[in-house]
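Read through the structure below, which is laid out as structure tokens, and then see the notes.
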Amino acid sequence: MLAAIRPDSWNLPLLVHVLGASILVGGLVAALASQVVGWARESATGALQLARVGFYALLLAAVPGWILMRVGADWIWREEGWDDVDSEPAWLGIGWITSEAGGLLVLVATILTGLGARRLRQSGSTASTLVRVATVLTAIALIAYVVTMWAMAAKPD
Amino acid sequence: MELYDWLLALHVLSAFSWIAAMVVYSVAIAAGWRLTVPSDVVRVFKVARVGDPLIAVGMIGTIVFGIWLAFDEYEIWDGWIIAALVLWLVAAAIGGQVGKVYNGARNRAKALVDEGRDTSSPELSAMLRSRRGLVLHSLSFLIVLALLVVMIYRPGT
């Protein structure tokens, strides 16, 4: 029942954190969907178009979402006084690890998808290894964040 | 974990799913804004299709687990719960209208491809740049964000 007695000062950082995480996951889902559809080597036009959609989904949704999520996480962590606690609970540890490592994955996936899209435009090819590597990274980041969302929401012992 | 923890976790995850779907649709609308060739449009709507199960899980999960939580831990007639229910209904109604606008564009694009008329179509372009669709989608997104604010701030408690 912690949520029911949450102090008002926690609301805004929680809103920023949850909104950021939702946008991050939405951006990753959109990017992964476009990368997976583009994996099929349908046509050069299609591969380029879908790589661009994936790139912009990562750049304009996932990355800003990650920043919002991370700012909100740090803010509420301080508001809740976890900075004064010696040993943090497991769900918080999961959150920190996936937030940092996942952020790196999202950043690398964004760069690779952007470079892959540029190469597709230059070569006229139907597939890009860079985009495919980015697809795997995006999938790993998405799975990690879904597990984290569960840990954050359920706060298991 | 107790029943309350499970219900809250599933309710929160459903909300994540709903917002993630809204982000996916936003990406698709943005990606389709300048498209004129039917096969390109069909490709973008393949990406958007991933939003359909997400929004179904999100909307059903938030209402089912939300009402369950309301009966289990709160009062269903609390002002913030009624506000959330009203916002949910409005979001569902507007979301249905948004779906009609963009499903129309998707179906038209598919029909043009099937007819072998896969060339630039001003009619399709106009459907994708529908002012009504954009306004309704933006409104729908704002209502979902308002729902999130109501859930976190719980005005009146």
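Naming works like this for the structure tokens: A, B, ... for the chains as they're shown, residue 1 at the start of each chain, ligands 1 onward in shown order.
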
Output the contact residues of chain B with respect to chain A at a cut-off of 9 Å, based on only C-alpha atoms, as a VMD selection string.
-> chain B and resid 1 4 to 13 15 to 25 27 to 28 31 39 to 40 43 to 44 46 to 51 73 145 148 to 149 152 to 153

For the residues in the current selection, export C-alpha atoms as a CSV table (one decimal), in the first residue's frame.
chain,number,residue,atom,x,y,z
B,1,MET,CA,3.7,-10.8,-3.5
B,4,TYR,CA,-2.7,-6.1,-4.5
B,5,ASP,CA,0.9,-6.1,-5.8
B,6,TRP,CA,0.0,-8.4,-8.7
B,7,LEU,CA,-3.0,-6.3,-9.7
B,8,LEU,CA,-1.0,-3.0,-9.4
B,9,ALA,CA,1.9,-4.5,-11.4
B,10,LEU,CA,-0.4,-5.8,-14.2
B,11,HIS,CA,-2.3,-2.5,-14.2
B,12,VAL,CA,0.9,-0.5,-14.5
B,13,LEU,CA,2.3,-2.8,-17.3
B,15,ALA,CA,-0.6,1.4,-19.0
B,16,PHE,CA,2.9,1.1,-20.4
B,17,SER,CA,1.6,-1.1,-23.2
B,18,TRP,CA,-1.1,1.5,-24.0
B,19,ILE,CA,1.3,4.5,-24.1
B,20,ALA,CA,3.9,2.4,-26.1
B,21,ALA,CA,1.1,1.7,-28.7
B,22,MET,CA,0.4,5.4,-28.9
B,23,VAL,CA,4.1,6.0,-29.6
B,24,VAL,CA,4.1,3.3,-32.3
B,25,TYR,CA,1.1,4.9,-34.0
B,27,VAL,CA,5.8,7.0,-35.5
B,28,ALA,CA,3.7,5.5,-38.2
B,31,ALA,CA,6.5,8.2,-41.2
B,39,SER,CA,3.5,0.1,-51.5
B,40,ASP,CA,5.5,2.5,-49.2
B,43,ARG,CA,5.1,-1.1,-45.5
B,44,VAL,CA,4.6,1.6,-42.8
B,46,LYS,CA,3.0,-3.2,-41.3
B,47,VAL,CA,5.1,-1.5,-38.7
B,48,ALA,CA,2.0,0.2,-37.1
B,49,ARG,CA,0.3,-3.2,-36.9
B,50,VAL,CA,2.5,-4.0,-33.8
B,51,GLY,CA,0.5,-1.3,-32.0
B,73,GLU,CA,-8.4,-1.3,-2.3
B,145,LEU,CA,-1.4,11.4,-20.7
B,148,LEU,CA,-1.5,8.9,-16.4
B,149,VAL,CA,-1.5,12.3,-14.5
B,152,ILE,CA,-0.3,9.3,-10.3
B,153,TYR,CA,-1.7,12.5,-8.7

Tell me which protein, DNA and RNA residues are within 12 Å of Leu142 of chain B, counting only C-alpha atoms, leaving out same-chain ones fewer than 4 positions away, and put them as a ChimeraX atom specification.
-> /B:19,22-23,87-88,90-91,94-95,135-138,146-149

Residues of the last selection are to be written out with N, CA and C atoms, as a PDB file, in the first residue's frame.
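Writing the result to selection_22.pdb gives the following:
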ATOM      1  N   ILE B  19       0.550   3.285 -23.709  1.00  0.00           N
ATOM      2  CA  ILE B  19       1.339   4.454 -24.144  1.00  0.00           C
ATOM      3  C   ILE B  19       2.341   4.044 -25.228  1.00  0.00           C
ATOM      4  N   MET B  22       0.613   4.037 -28.428  1.00  0.00           N
ATOM      5  CA  MET B  22       0.387   5.396 -28.927  1.00  0.00           C
ATOM      6  C   MET B  22       1.655   5.944 -29.582  1.00  0.00           C
ATOM      7  N   VAL B  23       2.808   5.601 -29.005  1.00  0.00           N
ATOM      8  CA  VAL B  23       4.082   6.039 -29.599  1.00  0.00           C
ATOM      9  C   VAL B  23       4.274   5.364 -30.957  1.00  0.00           C
ATOM     10  N   LEU B  87     -12.196   9.349 -18.720  1.00  0.00           N
ATOM     11  CA  LEU B  87     -11.098   9.562 -19.673  1.00  0.00           C
ATOM     12  C   LEU B  87     -10.850   8.304 -20.499  1.00  0.00           C
ATOM     13  N   TRP B  88     -10.944   7.151 -19.860  1.00  0.00           N
ATOM     14  CA  TRP B  88     -10.754   5.872 -20.575  1.00  0.00           C
ATOM     15  C   TRP B  88     -11.799   5.734 -21.685  1.00  0.00           C
ATOM     16  N   VAL B  90     -13.557   8.135 -23.143  1.00  0.00           N
ATOM     17  CA  VAL B  90     -13.343   9.146 -24.191  1.00  0.00           C
ATOM     18  C   VAL B  90     -12.174   8.722 -25.080  1.00  0.00           C
ATOM     19  N   ALA B  91     -11.104   8.216 -24.447  1.00  0.00           N
ATOM     20  CA  ALA B  91      -9.938   7.764 -25.228  1.00  0.00           C
ATOM     21  C   ALA B  91     -10.338   6.622 -26.161  1.00  0.00           C
ATOM     22  N   ILE B  94     -12.453   8.133 -29.094  1.00  0.00           N
ATOM     23  CA  ILE B  94     -11.613   8.888 -30.045  1.00  0.00           C
ATOM     24  C   ILE B  94     -10.658   7.939 -30.779  1.00  0.00           C
ATOM     25  N   GLY B  95     -10.112   6.977 -30.033  1.00  0.00           N
ATOM     26  CA  GLY B  95      -9.207   6.006 -30.657  1.00  0.00           C
ATOM     27  C   GLY B  95      -9.886   5.251 -31.788  1.00  0.00           C
ATOM     28  N   VAL B 135      -5.477  15.507 -35.643  1.00  0.00           N
ATOM     29  CA  VAL B 135      -6.048  16.173 -34.463  1.00  0.00           C
ATOM     30  C   VAL B 135      -6.601  15.131 -33.495  1.00  0.00           C
ATOM     31  N   LEU B 136      -7.328  14.148 -34.032  1.00  0.00           N
ATOM     32  CA  LEU B 136      -7.915  13.120 -33.162  1.00  0.00           C
ATOM     33  C   LEU B 136      -6.829  12.284 -32.483  1.00  0.00           C
ATOM     34  N   HIS B 137      -5.782  11.952 -33.239  1.00  0.00           N
ATOM     35  CA  HIS B 137      -4.694  11.166 -32.640  1.00  0.00           C
ATOM     36  C   HIS B 137      -4.000  11.972 -31.530  1.00  0.00           C
ATOM     37  N   SER B 138      -3.750  13.251 -31.795  1.00  0.00           N
ATOM     38  CA  SER B 138      -3.098  14.101 -30.786  1.00  0.00           C
ATOM     39  C   SER B 138      -3.976  14.202 -29.538  1.00  0.00           C
ATOM     40  N   ALA B 146      -3.317  12.503 -19.782  1.00  0.00           N
ATOM     41  CA  ALA B 146      -4.136  13.004 -18.676  1.00  0.00           C
ATOM     42  C   ALA B 146      -4.510  11.860 -17.729  1.00  0.00           C
ATOM     43  N   LEU B 147      -4.780  10.692 -18.315  1.00  0.00           N
ATOM     44  CA  LEU B 147      -5.083   9.506 -17.493  1.00  0.00           C
ATOM     45  C   LEU B 147      -3.901   9.167 -16.586  1.00  0.00           C
ATOM     46  N   LEU B 148      -2.713   9.245 -17.170  1.00  0.00           N
ATOM     47  CA  LEU B 148      -1.498   8.945 -16.402  1.00  0.00           C
ATOM     48  C   LEU B 148      -1.347   9.940 -15.242  1.00  0.00           C
ATOM     49  N   VAL B 149      -1.621  11.218 -15.543  1.00  0.00           N
ATOM     50  CA  VAL B 149      -1.531  12.261 -14.504  1.00  0.00           C
ATOM     51  C   VAL B 149      -2.550  11.974 -13.386  1.00  0.00           C
TER      52      VAL B 149
END

Within 10 Å of Ile67 of chain A, counting only C-alpha atoms, which residues qualify if same-chain residues fewer than 2 places away don't, as a tab-separated table (two decimals) with C-alpha atoms, in the first residue's frame?
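As a result, selection31.tsv now contains:
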chain	number	residue	atom	x	y	z
A	16	VAL	CA	8.46	12.01	-15.54
A	17	HIS	CA	9.98	8.57	-14.90
A	20	GLY	CA	9.83	8.55	-20.14
A	21	ALA	CA	9.89	4.77	-19.73
A	24	LEU	CA	11.27	4.68	-24.50
A	62	ALA	CA	13.56	6.04	-27.65
A	63	VAL	CA	16.49	8.38	-26.90
A	64	PRO	CA	14.38	11.29	-25.50
A	65	GLY	CA	12.29	8.70	-23.64
A	69	MET	CA	13.12	8.06	-17.74
A	70	ARG	CA	16.67	8.47	-16.40
A	71	VAL	CA	16.12	12.03	-15.14
A	72	GLY	CA	12.90	10.92	-13.44
A	73	ALA	CA	14.64	7.87	-11.95
A	99	SER	CA	18.88	1.76	-17.35
A	103	GLY	CA	20.86	3.26	-22.59

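Interatomic distance, atom CA of Pro13 of chain A against atom CA of Arg154 of chain B: 14.8 Å.
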
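Distance annotation: of A:Asp74, A:Ala51, A:Glu80, A:Leu92, the residue with the minimal separation from Ala109 of chain A is A:Ala51; atom set is only C-alpha atoms.
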
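For Ile94 of chain A, the non-local neighbours within 7 Å, defined as residues at least 4 positions apart in the same chain or in other chains and counting only C-alpha atoms, are Ala90, Thr98 and Thr148 of chain A.
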
Could those residues be written to a file, using C-alpha atoms, as a PDB file, in the first residue's frame?
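Produced file part_37.pdb, reproduced below:
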ATOM      1  CA  ALA A  90      16.858  -5.932  -5.838  1.00  0.00           C
ATOM      2  CA  THR A  98      19.219  -1.983 -17.221  1.00  0.00           C
ATOM      3  CA  THR A 148      12.722  -3.903 -15.666  1.00  0.00           C
TER       4      THR A 148
END

Sel. of helix (DSSP H, G or I) residues, segment 21-156 of chain B, as a PyMOL selection string | chain B and resi 21-32+38-48+51-73+79-114+122-128+131-153
